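Down below is the structure, laid out as structure tokens.
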Amino acid sequence: MATVSVRQEFPNSPSALWSIVGDPASAASWIPSLGSATMEGDVRHGVFTDGNPVRERIVAHDDESRTYTYEYIDGPLPLAKYVSTIKVDAAASGSVVSWDAEFTAAGDDPAALEKDLEAGIGDIYRAALDEAGRLAQS
């Protein structure tokens, strides 16, 4: 099993950041690699900017705690299992967003794939949090 953990502090209030990252249906507005996203029940249907579709199930969502967890159903990534949680907390500077994933790659050599996936997913998370911070300043 592989993991990715990204944390970023922002000068904005937790509620300001949660208003950007807390709605699973609006993920495309702050995740640059995601071209569109819609919700159908608890399933988020997304399309990456390269045209590949993805489906994720929202398994927990708590506005009061400013957190939600989702799991990968299917899409272009070679994943046997993927669970990710995004959370916004108060910090001395304003707020901190934590985005953590645990996953297992699919395929003939999962360990080798997991190293590449860790790097790629981490890059996606960091770019998305940079964009969320930019939007929070607007």
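For the structure tokens, the naming scheme is as follows: chains receive sequential letters (A, B, ...) according to their order of presentation, residues are indexed from 1 within each chain, and ligands are indexed from 1 in presentation order.
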Non-local contacts of stretch 21-28 of chain A (12 Å; only C-alpha atoms; under 5 positions in same chain excluded) as a ChimeraX atom specification: /A:14-16,33-49,55-70,85-88,97-99,125,128-133,135-136
Picked from chain A by DSSP as helix (DSSP H, G or I), as an MDAnalysis selection string: chainID A and resid 14:21 24:29 110:137
A:Tyr72 surroundings by only C-alpha atoms, 9 Å radius, close-in-sequence under 4 positions cut, as JSON, numbers by chain: {"A": [54, 55, 56, 57, 79, 80, 81, 82, 83, 84]}
Best match for closeness to A:Glu9 among A:Glu114, A:Gly51, A:Arg126, A:Ile31, counting only C-alpha atoms: A:Arg126
Strand (DSSP E or B) residues, from DSSP on the backbone, in chain A, as a PyMOL selection string: chain A and resi 2-10+34-40+43-48+53-62+67-74+79-91+94-105
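Contact shell of A:Gly94 at 7 Å (only C-alpha atoms; same-chain neighbours under 2 positions omitted): Phe10, Pro11, Asn12, Ser13, Pro14, Ala90, Ala91 and Ala92 of chain A.
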Store the residues of this selection in a file with C-alpha atoms, as a CSV table (one decimal), in the first residue's frame.
```csv
chain,number,residue,atom,x,y,z
A,10,PHE,CA,-3.3,29.5,4.0
A,11,PRO,CA,-3.9,32.9,5.5
A,12,ASN,CA,-7.7,32.5,4.9
A,13,SER,CA,-10.2,31.2,7.5
A,14,PRO,CA,-11.1,27.5,7.5
A,90,ALA,CA,-7.9,26.1,11.8
A,91,ALA,CA,-4.2,27.1,12.1
A,92,ALA,CA,-2.3,30.0,13.7
```
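When atom CA of A:Asp50 is paired with atom CA of A:Leu113, their separation reads 20.3 Å.
Across the structure, atom CA of A:Thr104 and atom CA of A:Leu117 are spaced 9.6 Å apart.
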Pairwise distance for atom CA of A:Glu71 and atom CA of A:Arg134, rounded to one decimal in Å: 26.4 Å
